[in-house]
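*Asks:* This one is query.cif, mmCIF, C-alpha atoms.
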```cif
data_query
#
loop_
_atom_site.label_atom_id
_atom_site.label_comp_id
_atom_site.auth_asym_id
_atom_site.auth_seq_id
_atom_site.Cartn_x
_atom_site.Cartn_y
_atom_site.Cartn_z
CA MET A 259 132.16 114.15 156.87
CA ALA A 260 128.53 114.03 155.97
CA THR A 261 128.41 117.74 155.23
CA GLU A 262 131.52 117.44 153.12
CA THR A 263 129.92 114.85 150.84
CA HIS A 264 126.87 116.98 150.69
CA ASP A 265 128.95 119.93 149.56
CA ALA A 266 130.75 117.86 146.98
CA ALA A 267 127.45 116.68 145.55
CA GLY A 268 126.95 120.10 144.04
CA THR A 269 126.62 123.67 145.11
CA ALA A 270 123.90 124.54 142.67
CA ALA A 271 121.85 121.55 143.69
CA ASP A 272 121.71 122.88 147.24
CA ALA A 273 119.19 125.55 146.42
CA ALA A 274 116.97 123.29 144.29
CA PRO A 275 117.39 119.68 145.28
CA GLY A 276 114.87 118.51 142.67
CA MET A 277 115.32 120.30 139.39
CA PRO A 278 118.29 122.51 138.54
CA GLN A 279 115.86 124.24 136.15
CA LEU A 280 114.03 125.75 139.10
CA ASP A 281 117.19 127.05 140.75
CA PHE A 282 116.44 130.70 140.12
CA SER A 283 119.91 131.81 141.19
CA THR A 284 121.21 130.70 137.79
CA TRP A 285 118.50 132.44 135.77
CA ALA A 286 120.15 135.85 135.52
CA ASN A 287 123.33 134.25 134.27
CA GLN A 288 121.56 132.08 131.70
CA ILE A 289 119.36 134.91 130.48
CA PHE A 290 122.35 137.19 130.04
CA TRP A 291 124.24 134.63 127.95
CA LEU A 292 121.10 133.72 126.02
CA VAL A 293 120.55 137.34 125.02
CA VAL A 294 124.20 137.58 123.94
CA THR A 295 123.81 134.40 121.92
CA LEU A 296 120.58 135.49 120.24
CA VAL A 297 121.95 138.92 119.37
CA VAL A 298 125.10 137.41 117.86
CA ILE A 299 123.16 134.80 115.86
CA TYR A 300 120.67 137.44 114.71
CA LEU A 301 123.41 139.78 113.54
CA VAL A 302 125.32 137.01 111.78
CA LEU A 303 122.21 135.70 110.06
CA SER A 304 120.63 138.99 109.08
CA ARG A 305 123.87 140.73 108.03
CA VAL A 306 125.82 137.93 106.38
CA ALA A 307 124.24 134.53 106.00
CA LEU A 308 120.67 135.19 104.92
CA PRO A 309 121.39 137.86 102.28
CA ARG A 310 124.12 135.65 100.88
CA ILE A 311 121.89 132.58 100.65
CA ALA A 312 119.07 134.67 99.19
CA ALA A 313 121.48 136.00 96.55
CA VAL A 314 122.72 132.52 95.72
CA LEU A 315 119.18 131.18 95.40
CA ALA A 316 118.07 134.13 93.27
CA GLU A 317 121.10 133.75 91.01
CA ARG A 318 120.44 130.05 90.62
CA GLN A 319 116.79 130.74 89.82
CA GLY A 320 117.88 133.29 87.25
CA THR A 321 120.34 130.88 85.69
CA ILE A 322 117.72 128.16 85.50
CA THR A 323 115.19 130.52 83.90
CA ASN A 324 117.76 131.72 81.37
CA ASP A 325 118.84 128.21 80.56
CA ILE A 326 115.25 127.10 80.04
CA ALA A 327 114.62 130.09 77.77
CA ALA A 328 117.79 129.33 75.81
CA ALA A 329 116.78 125.69 75.50
CA GLU A 330 113.34 126.75 74.27
CA ASP A 331 115.01 129.00 71.72
CA LEU A 332 117.29 126.25 70.50
CA LYS A 333 114.38 123.84 70.27
CA GLN A 334 112.50 126.38 68.14
CA LYS A 335 115.55 126.69 65.91
CA ALA A 336 115.83 122.93 65.59
CA VAL A 337 112.18 122.72 64.55
CA GLU A 338 112.74 125.42 61.95
CA ALA A 339 115.84 123.68 60.66
CA GLU A 340 113.96 120.43 60.36
CA ALA A 341 111.18 122.17 58.41
CA ALA A 342 113.76 123.73 56.09
CA TYR A 343 115.45 120.38 55.62
CA ASN A 344 112.14 118.71 54.77
CA GLN A 345 111.33 121.51 52.32
CA ALA A 346 114.71 121.12 50.65
CA LEU A 347 114.24 117.38 50.48
CA ALA A 348 110.80 117.74 48.88
CA ASP A 349 112.16 120.29 46.38
CA ALA A 350 115.06 118.05 45.46
CA ARG A 351 112.76 115.11 45.04
CA SER A 352 110.37 116.96 42.70
CA GLU A 353 113.35 118.35 40.78
CA ALA A 354 114.71 114.85 40.36
CA ASN A 355 111.30 113.64 39.16
CA ASN A 356 111.20 116.43 36.61
CA ILE A 357 114.66 115.57 35.32
CA ILE A 358 113.73 111.91 35.10
CA ALA A 359 110.57 112.68 33.14
CA ALA A 360 112.39 115.01 30.73
CA THR A 361 115.17 112.52 30.16
CA LYS A 362 112.68 109.77 29.61
CA ALA A 363 110.85 111.90 27.01
CA ASP A 364 114.12 112.71 25.22
CA ILE A 365 115.15 109.10 25.10
CA GLN A 366 111.71 108.13 23.86
CA LYS A 367 111.94 110.67 21.08
CA ASP A 368 115.39 109.48 19.99
CA LEU A 369 114.24 105.92 20.20
CA ASP A 370 111.19 106.62 18.06
CA VAL A 371 113.29 108.33 15.42
CA ALA A 372 115.82 105.49 15.40
CA LEU A 373 113.07 102.92 15.24
CA ALA A 374 111.37 104.68 12.35
CA LYS A 375 114.67 104.90 10.49
CA ALA A 376 115.44 101.28 11.17
CA ASP A 377 111.97 100.27 10.05
CA ALA A 378 112.38 102.20 6.82
CA GLU A 379 115.77 100.62 6.17
CA ILE A 380 114.43 97.19 6.90
CA ALA A 381 111.51 97.79 4.58
CA ALA A 382 113.86 98.96 1.82
CA GLN A 383 116.19 96.00 2.28
CA THR A 384 113.26 93.62 2.36
CA ALA A 385 111.99 95.00 -0.93
CA GLU A 386 115.46 94.69 -2.47
CA GLY A 387 115.83 91.18 -1.14
CA GLU A 388 112.49 90.21 -2.58
CA LYS A 389 113.49 91.64 -5.90
CA ALA A 390 116.76 89.72 -5.77
CA ILE A 391 114.93 86.53 -4.81
CA ALA A 392 112.53 87.07 -7.69
CA ALA A 393 115.46 87.58 -10.05
CA ILE A 394 117.20 84.49 -8.73
CA ARG A 395 114.03 82.48 -9.09
CA GLU A 396 113.69 83.74 -12.64
CA GLY A 397 117.34 82.87 -13.26
CA ALA A 398 116.88 79.46 -11.71
CA LEU A 399 113.97 78.67 -14.02
CA GLU A 400 116.10 79.57 -17.05
CA SER A 401 118.97 77.45 -15.74
CA VAL A 402 116.66 74.50 -15.09
CA LYS A 403 115.44 74.83 -18.73
CA ALA A 404 119.03 74.91 -20.02
CA VAL A 405 120.08 71.99 -17.81
CA ALA A 406 117.00 70.03 -18.90
CA LYS A 407 117.78 70.68 -22.59
CA ASP A 408 121.44 69.73 -22.13
CA THR A 409 120.48 66.62 -20.17
CA ALA A 410 117.84 65.69 -22.73
CA LYS A 411 120.36 66.18 -25.59
CA GLU A 412 122.94 64.06 -23.81
CA LEU A 413 120.35 61.37 -23.07
CA VAL A 414 119.24 61.32 -26.68
CA ALA A 415 122.88 61.18 -27.79
CA ALA A 416 123.61 58.41 -25.33
CA MET A 417 120.68 56.41 -26.67
CA GLY A 418 122.25 56.70 -30.07
CA GLY A 419 119.99 59.14 -31.69
CA THR A 420 120.62 62.57 -32.92
CA ALA A 421 118.39 65.32 -32.12
CA ASP A 422 118.28 68.89 -33.20
CA ALA A 423 118.10 71.53 -30.72
CA LYS A 424 114.72 72.80 -31.84
CA THR A 425 112.88 69.56 -31.15
CA ILE A 426 114.48 69.07 -27.80
CA THR A 427 113.72 72.60 -26.71
CA ALA A 428 110.11 72.22 -27.76
CA ALA A 429 109.83 68.91 -25.93
CA VAL A 430 111.41 70.22 -22.75
CA THR A 431 109.21 73.30 -22.77
CA ALA A 432 106.13 71.20 -23.32
CA ARG A 433 107.17 68.86 -20.54
CA MET A 434 107.89 71.67 -18.10
CA LYS A 435 104.53 73.20 -18.76
CA GLY A 436 102.89 69.84 -18.19
CA MET B 194 125.46 108.82 155.51
CA ALA B 195 128.92 109.32 154.11
CA THR B 196 129.57 105.60 154.03
CA GLU B 197 126.21 105.02 152.49
CA ALA B 198 126.98 107.41 149.69
CA HIS B 199 130.33 105.72 149.20
CA GLY B 200 128.75 102.29 149.01
CA ALA B 201 126.24 103.49 146.47
CA GLU B 202 128.92 104.94 144.24
CA GLU B 203 130.92 101.75 144.24
CA GLY B 204 128.32 99.10 143.57
CA GLY B 205 124.61 99.74 143.64
CA LEU B 206 122.36 101.85 141.52
CA VAL B 207 123.07 105.56 141.39
CA PHE B 208 120.42 107.77 139.88
CA HIS B 209 121.26 111.38 139.40
CA PRO B 210 119.23 112.04 136.24
CA MET B 211 118.99 115.76 136.92
CA ASP B 212 122.65 116.40 137.68
CA GLN B 213 123.36 116.91 134.01
CA PHE B 214 121.26 120.05 134.09
CA ILE B 215 123.24 121.76 136.87
CA VAL B 216 124.61 125.11 135.79
CA LYS B 217 128.10 125.64 137.20
CA PRO B 218 130.95 128.06 136.63
CA LEU B 219 133.61 126.65 134.34
CA PHE B 220 136.65 128.62 135.42
CA GLY B 221 137.02 128.14 139.16
CA GLY B 222 135.16 129.75 141.97
CA GLU B 223 131.91 128.79 143.56
CA HIS B 224 130.32 132.16 143.07
CA MET B 225 128.09 132.57 140.03
CA GLY B 226 127.25 136.09 139.02
CA MET B 227 125.36 137.30 136.01
CA PHE B 228 128.43 137.37 133.77
CA THR B 229 130.20 134.25 135.02
CA PHE B 230 131.16 131.94 132.18
CA THR B 231 129.28 128.73 132.94
CA ASN B 232 128.73 125.46 131.11
CA ALA B 233 125.45 126.93 129.87
CA SER B 234 127.36 129.86 128.40
CA LEU B 235 129.88 127.50 126.80
CA TRP B 236 127.24 125.48 124.97
CA MET B 237 125.43 128.60 123.83
CA MET B 238 128.72 129.87 122.41
CA LEU B 239 129.18 126.51 120.69
CA ALA B 240 125.72 126.91 119.18
CA ILE B 241 126.84 130.28 117.79
CA VAL B 242 129.98 128.65 116.39
CA ALA B 243 127.91 125.90 114.78
CA VAL B 244 125.48 128.39 113.25
CA ILE B 245 128.33 130.46 111.86
CA ALA B 246 130.09 127.34 110.57
CA LEU B 247 127.01 126.20 108.69
CA MET B 248 125.41 129.43 107.55
CA VAL B 249 128.52 131.56 106.92
CA PHE B 250 131.47 129.28 106.21
CA GLY B 251 129.24 126.65 104.65
CA THR B 252 128.02 129.15 102.07
CA SER B 253 131.28 131.04 101.59
CA ARG B 254 131.83 129.64 98.11
CA ARG B 255 128.42 130.94 96.92
CA ALA B 256 128.42 128.03 94.49
CA ARG B 257 125.76 127.86 91.84
CA ILE B 258 125.83 124.11 92.32
CA PRO B 259 125.92 123.80 96.12
CA GLY B 260 128.25 121.54 98.07
CA ARG B 261 127.13 119.57 101.10
CA ALA B 262 127.29 122.34 103.71
CA GLN B 263 125.76 124.87 101.36
CA SER B 264 122.94 122.48 100.52
CA VAL B 265 122.10 122.08 104.20
CA ALA B 266 122.25 125.84 104.75
CA GLU B 267 119.98 126.43 101.76
CA LEU B 268 117.65 123.70 102.96
CA ALA B 269 117.37 125.35 106.39
CA TYR B 270 116.82 128.73 104.75
CA GLY B 271 114.13 127.39 102.43
CA PHE B 272 112.49 125.38 105.20
CA VAL B 273 112.05 128.34 107.54
CA TYR B 274 111.35 130.86 104.79
CA LYS B 275 108.56 128.72 103.35
CA MET B 276 107.15 128.18 106.83
CA VAL B 277 107.04 131.92 107.52
CA GLU B 278 105.52 132.64 104.12
CA ASP B 279 102.93 129.86 104.23
CA VAL B 280 101.87 130.10 107.86
CA ALA B 281 102.29 133.75 108.78
CA GLY B 282 101.66 135.23 105.36
CA LYS B 283 103.70 137.14 102.80
CA ASP B 284 103.80 140.33 104.86
CA ALA B 285 105.53 138.44 107.70
CA VAL B 286 108.65 137.93 105.59
CA GLY B 287 110.22 140.89 107.40
CA PHE B 288 110.28 138.76 110.55
CA PHE B 289 112.11 135.96 108.76
CA PRO B 290 115.61 136.73 110.17
CA TYR B 291 114.16 136.87 113.69
CA ILE B 292 112.34 133.54 113.31
CA MET B 293 115.38 132.03 111.60
CA THR B 294 117.47 133.08 114.62
CA LEU B 295 115.09 131.31 117.01
CA PHE B 296 115.02 128.20 114.85
CA MET B 297 118.77 127.97 114.35
CA PHE B 298 119.48 128.54 118.04
CA ILE B 299 117.00 125.92 119.21
CA VAL B 300 117.94 123.34 116.63
CA PHE B 301 121.66 123.66 117.29
CA SER B 302 121.24 123.74 121.07
CA ASN B 303 119.14 120.61 120.90
CA PHE B 304 121.52 118.72 118.64
CA LEU B 305 124.68 119.83 120.46
CA GLY B 306 122.96 118.75 123.66
CA LEU B 307 122.78 115.23 122.28
CA LEU B 308 126.56 114.92 122.42
CA PRO B 309 127.69 112.89 125.43
CA MET B 310 128.83 115.01 128.40
CA SER B 311 127.29 118.10 126.87
CA PHE B 312 124.90 120.63 128.32
CA THR B 313 121.61 121.57 126.69
CA PRO B 314 120.64 125.23 127.11
CA THR B 315 117.13 124.54 125.77
CA SER B 316 116.45 122.12 128.63
CA HIS B 317 116.28 125.11 130.98
CA PHE B 318 113.15 127.10 131.59
CA ALA B 319 115.30 130.20 131.98
CA VAL B 320 116.15 129.91 128.29
CA THR B 321 112.82 128.78 126.87
CA VAL B 322 110.81 131.24 128.93
CA VAL B 323 112.91 134.08 127.54
CA LEU B 324 112.44 132.74 124.01
CA ALA B 325 108.69 132.37 124.49
CA MET B 326 108.37 135.80 126.12
CA LEU B 327 110.30 137.34 123.23
CA VAL B 328 107.77 135.83 120.84
CA PHE B 329 104.83 136.81 123.06
CA LEU B 330 105.99 140.42 123.38
CA THR B 331 106.83 140.67 119.70
CA VAL B 332 103.44 139.35 118.70
CA THR B 333 101.56 141.60 121.13
CA ILE B 334 103.49 144.73 120.22
CA VAL B 335 103.31 144.07 116.49
CA GLY B 336 99.60 143.32 116.83
CA PHE B 337 98.87 146.65 118.46
CA VAL B 338 101.22 148.66 116.26
CA LYS B 339 99.87 147.23 113.00
CA ASN B 340 96.17 147.03 113.92
CA GLY B 341 95.68 149.43 116.83
CA THR B 342 92.68 148.54 118.91
CA LYS B 343 91.41 146.25 116.18
CA PHE B 344 93.92 143.76 117.52
CA LEU B 345 91.50 143.23 120.42
CA GLY B 346 89.12 141.76 117.84
CA LEU B 347 91.23 138.66 118.24
CA PHE B 348 89.38 138.08 121.51
CA TRP B 349 85.97 139.13 120.26
CA VAL B 350 84.73 136.27 118.10
CA SER B 351 82.39 138.10 115.75
CA SER B 352 81.17 134.93 114.07
CA ALA B 353 79.72 133.57 117.33
CA PRO B 354 76.25 134.46 118.69
CA LEU B 355 76.28 137.72 120.64
CA ALA B 356 75.40 136.05 123.94
CA LEU B 357 78.37 133.72 123.73
CA ARG B 358 80.91 136.37 122.84
CA PRO B 359 81.83 137.56 126.37
CA VAL B 360 82.37 133.96 127.47
CA LEU B 361 84.49 133.26 124.40
CA ALA B 362 86.40 136.48 124.99
CA ILE B 363 87.40 135.33 128.46
CA ILE B 364 88.50 131.95 127.09
CA GLU B 365 90.41 133.61 124.27
CA ILE B 366 92.20 135.97 126.66
CA ILE B 367 93.18 133.14 128.96
CA SER B 368 94.44 131.08 126.04
CA TYR B 369 96.36 134.07 124.75
CA PHE B 370 98.21 134.52 128.03
CA VAL B 371 98.80 130.79 128.46
CA ARG B 372 100.59 130.72 125.10
CA PRO B 373 104.05 131.71 126.36
CA VAL B 374 103.75 129.20 129.21
CA SER B 375 102.91 126.24 126.97
CA HIS B 376 105.31 127.51 124.33
CA SER B 377 108.26 127.46 126.74
CA ILE B 378 107.41 124.41 128.84
CA ARG B 379 106.79 122.28 125.75
CA LEU B 380 110.33 122.80 124.50
CA ALA B 381 112.20 122.58 127.79
CA GLY B 382 110.03 119.71 129.05
CA ASN B 383 110.58 117.58 125.96
CA VAL B 384 114.32 118.08 125.90
CA MET B 385 114.73 117.64 129.66
CA ALA B 386 112.56 114.52 129.83
CA GLY B 387 114.45 112.78 127.05
CA HIS B 388 117.83 113.51 128.60
CA ALA B 389 116.66 112.46 132.05
CA VAL B 390 115.24 109.18 130.74
CA ILE B 391 118.52 108.39 128.97
CA LYS B 392 120.34 109.07 132.23
CA VAL B 393 118.02 106.75 134.15
CA PHE B 394 118.62 103.95 131.66
CA ALA B 395 122.34 104.62 131.96
CA GLY B 396 122.01 104.22 135.72
CA PHE B 397 120.50 100.76 135.21
CA ALA B 398 123.56 99.75 133.17
CA ALA B 399 125.44 99.29 136.46
CA ILE B 400 123.68 95.94 136.84
CA ALA B 401 125.46 93.48 134.57
CA VAL B 402 122.35 91.45 133.72
CA ILE B 403 120.32 94.44 132.71
CA SER B 404 123.07 96.37 130.95
CA PRO B 405 122.43 94.99 127.41
CA VAL B 406 118.78 95.97 127.70
CA SER B 407 119.87 99.28 129.08
CA VAL B 408 122.22 99.92 126.18
CA LEU B 409 119.46 99.02 123.71
CA ALA B 410 117.04 101.30 125.51
CA ILE B 411 119.53 104.15 125.50
CA THR B 412 120.07 103.66 121.78
CA ALA B 413 116.34 103.71 121.11
CA MET B 414 115.83 106.77 123.32
CA TYR B 415 118.71 108.49 121.59
CA GLY B 416 117.07 107.92 118.23
CA LEU B 417 113.84 109.31 119.58
CA GLU B 418 115.71 112.28 121.01
CA VAL B 419 117.24 113.06 117.64
CA LEU B 420 113.70 113.19 116.29
CA VAL B 421 112.45 115.25 119.22
CA SER B 422 115.33 117.70 118.89
CA PHE B 423 114.29 118.62 115.39
CA ILE B 424 110.54 118.37 115.91
CA GLN B 425 110.56 120.61 118.98
CA ALA B 426 112.57 123.24 117.13
CA TYR B 427 110.09 122.95 114.27
CA VAL B 428 107.09 123.16 116.60
CA PHE B 429 108.48 126.19 118.39
CA THR B 430 109.11 127.93 115.08
CA ILE B 431 105.79 127.11 113.48
CA LEU B 432 103.89 128.21 116.59
CA THR B 433 105.80 131.47 116.43
CA CYS B 434 104.59 131.83 112.86
CA VAL B 435 101.01 131.03 113.87
CA TYR B 436 101.09 133.65 116.65
CA LEU B 437 102.63 136.14 114.26
CA LYS B 438 99.78 135.53 111.82
CA ASP B 439 97.34 136.43 114.61
CA ALA B 440 99.21 139.67 115.14
CA LEU B 441 99.23 140.58 111.45
CA HIS B 442 95.70 139.41 110.62
CA PRO B 443 93.72 139.39 113.90
CA SER B 444 90.29 138.86 112.35
CA HIS B 445 88.87 135.42 112.98
#
```
Using structure tokens, write down the structure that the file contains.
*Replies:*
Amino acid sequence: MATETHDAAGTAADAAPGMPQLDFSTWANQIFWLVVTLVVIYLVLSRVALPRIAAVLAERQGTITNDIAAAEDLKQKAVEAEAAYNQALADARSEANNIIAATKADIQKDLDVALAKADAEIAAQTAEGEKAIAAIREGALESVKAVAKDTAKELVAAMGGTADAKTITAAVTARMKG
Amino acid sequence: MATEAHGAEEGGLVFHPMDQFIVKPLFGGEHMGMFTFTNASLWMMLAIVAVIALMVFGTSRRARIPGRAQSVAELAYGFVYKMVEDVAGKDAVGFFPYIMTLFMFIVFSNFLGLLPMSFTPTSHFAVTVVLAMLVFLTVTIVGFVKNGTKFLGLFWVSSAPLALRPVLAIIEIISYFVRPVSHSIRLAGNVMAGHAVIKVFAGFAAIAVISPVSVLAITAMYGLEVLVSFIQAYVFTILTCVYLKDALHPSH
């Protein structure tokens, strides 16, 4: 019974009761399978996996480098485009300034001409007006004389006297001079 | 004794922290020859499957913008490639597939070994000693092929005073030959210790009062083991690169 239990406890443990690691009867077996394992892993890695990963990494590196170069290129183009835009803007602005100045000069010229013409017309009309006023004033003086004579004649007549025109005229003239 | 064993299995504490490391044939029979398919073989095959799944099927689309699997595969590639280039030098790039093989095998063995009920090939000295000896032999052979007898300059510290050089040479030679030992025991020891400690905590879980603490401790250890799994693979790989640098540029 006791030996049975002992057997059941483990056959490998018989040879090395302490550590199964030091049971040298299993070493040949383990070493054989280890060598098989290492050879298989080595072949798989060196033939398939590592070249593939290296290729993937290299391709990615290439892509990244290309993309960065392309981005650099595009950035350069953008800078150039901005410069061109600014140049165009400056040109347009100076052109606009020129047009404004020319237009202003034209308008000024027209205005000056119109003003001069208007001034001349005004001057002419003023002179005419003055002449007319002078004439009217002259006329008015004559009329006042006539009215004064008529009035004087009527007054004299109303007071019952008769008066000849010559006396009245002389009197009115003398009075108006006074 | 039989009754004792029975009693222990039913109630008390049962500690068999090392049982998980037993190599046994999977398909019947007690006899284990060199080619018998064992649990160790199974988990090595699963490591191959995992490596192929990640590195071959994961990258099968060759996408310019990588998916999840392809990102991880590229990350692993870049990680190891940069390590080889930075530590061992640009002329060591030819050894990259070899170092990548070591790294991928160790990292997948370690992580698959973290699955419950699994077996961890890298917890066995048989495995790590072979890995370390492969590195040791590669480095030694490459050293002599590339540099001829100048490779022995590695042991002759020309910057030290002449009187000290023989002493240093002896120390250097000893350290050179201890490399594969430390290289292999570091990896297997770390992985084995972590798994054994988890098993011991699991054994304590049989006591109802302690079991919550035990579960917490197992969780914490598991987290640590995840870290150790990666770090030990990294350490093994970077040390390989350091040794390879010695072989390619032996001058001190």
*Asks:* With the cut-off set at 10 Å and counting only C-alpha atoms, tabulate each residue of segment 414-441 of chain B with an atom at most that distance from an atom of segment 389-398 of chain B, showing the nearest atom pair and its distance in Å to one decimal, ordered by chain and increasing number, as a tab-separated table.
*Replies:*
```
residue	atom	partner	partner_atom	distance
B:Met414	CA	B:Ile391	CA	6.5
B:Tyr415	CA	B:Ile391	CA	7.4
B:Glu418	CA	B:Ile391	CA	9.3
```
*Asks:* If we count all atoms listed in the file, which residues of chain A reach to within 6 Å of chain B? Please list them as a PyMOL selection string.
*Replies:* chain A and resi 260+278-279+285-287+291+300+304+307+318
*Asks:* Axis-aligned box over every listed atom of segment 318-337 of chain A, padded by 5 Å per side: centre and edges in Å to one decimal, as lines of an AutoDock Vina configuration file?
*Replies:*
```
center_x = 116.3
center_y = 128.0
center_z = 77.6
size_x = 18.3
size_y = 20.6
size_z = 36.1
```
*Asks:* How close does segment 220-311 of chain B get to segment 422-438 of chain B? List, as CSV, each residue of segment 220-311 of chain B within 7 Å, its nearest atom pair and the distance in Å to one decimal, counting all atoms listed in the file.
*Replies:*
```
residue,atom,partner,partner_atom,distance
B:Met276,CA,B:Ile431,CA,6.9
B:Val277,CA,B:Cys434,CA,5.9
B:Val280,CA,B:Cys434,CA,5.9
B:Ala281,CA,B:Lys438,CA,4.3
B:Gly282,CA,B:Lys438,CA,6.7
B:Ile292,CA,B:Thr430,CA,6.7
B:Phe296,CA,B:Thr430,CA,5.9
B:Ile299,CA,B:Ala426,CA,5.6
B:Val300,CA,B:Ala426,CA,5.4
B:Asn303,CA,B:Ser422,CA,5.2
B:Phe304,CA,B:Ser422,CA,6.3
```
*Asks:* Just the number, please: distance in Å from atom CA of Trp236 of chain B to atom CA of Leu219 of chain B, one decimal.
*Replies:*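 Distance reported for this atom pair: 11.4 Å.
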*Asks:* If I take atom CA of Lys411 of chain A and atom CA of Ile426 of chain A, how far is one from the other in Å, to one decimal?
*Replies:*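 Spanning atom CA of Lys411 of chain A to atom CA of Ile426 of chain A is a straight-line distance of 6.9 Å.
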*Asks:* Please list, as a list of chain:residue names, the residues that have an atom at most 9 Å away from (97.5, 144.1, 116.5) in the coordinates of this file, counting all atoms listed in the file.
*Replies:*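 Neighbouring residues, ordered by chain and number, come to B:Val332, B:Thr333, B:Ile334, B:Val335, B:Gly336, B:Phe337, B:Val338, B:Lys339, B:Asn340, B:Gly341, B:Thr342, B:Lys343, B:Phe344, B:Leu345, B:Gly346, B:Leu347, B:Asp439, B:Ala440, B:Leu441, B:His442, B:Pro443.
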*Asks:* Just the number, please: distance in Å from atom CA of Lys407 of chain A to atom CA of Ala392 of chain A, one decimal.
*Replies:*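 Distance reported for this atom pair: 22.8 Å.
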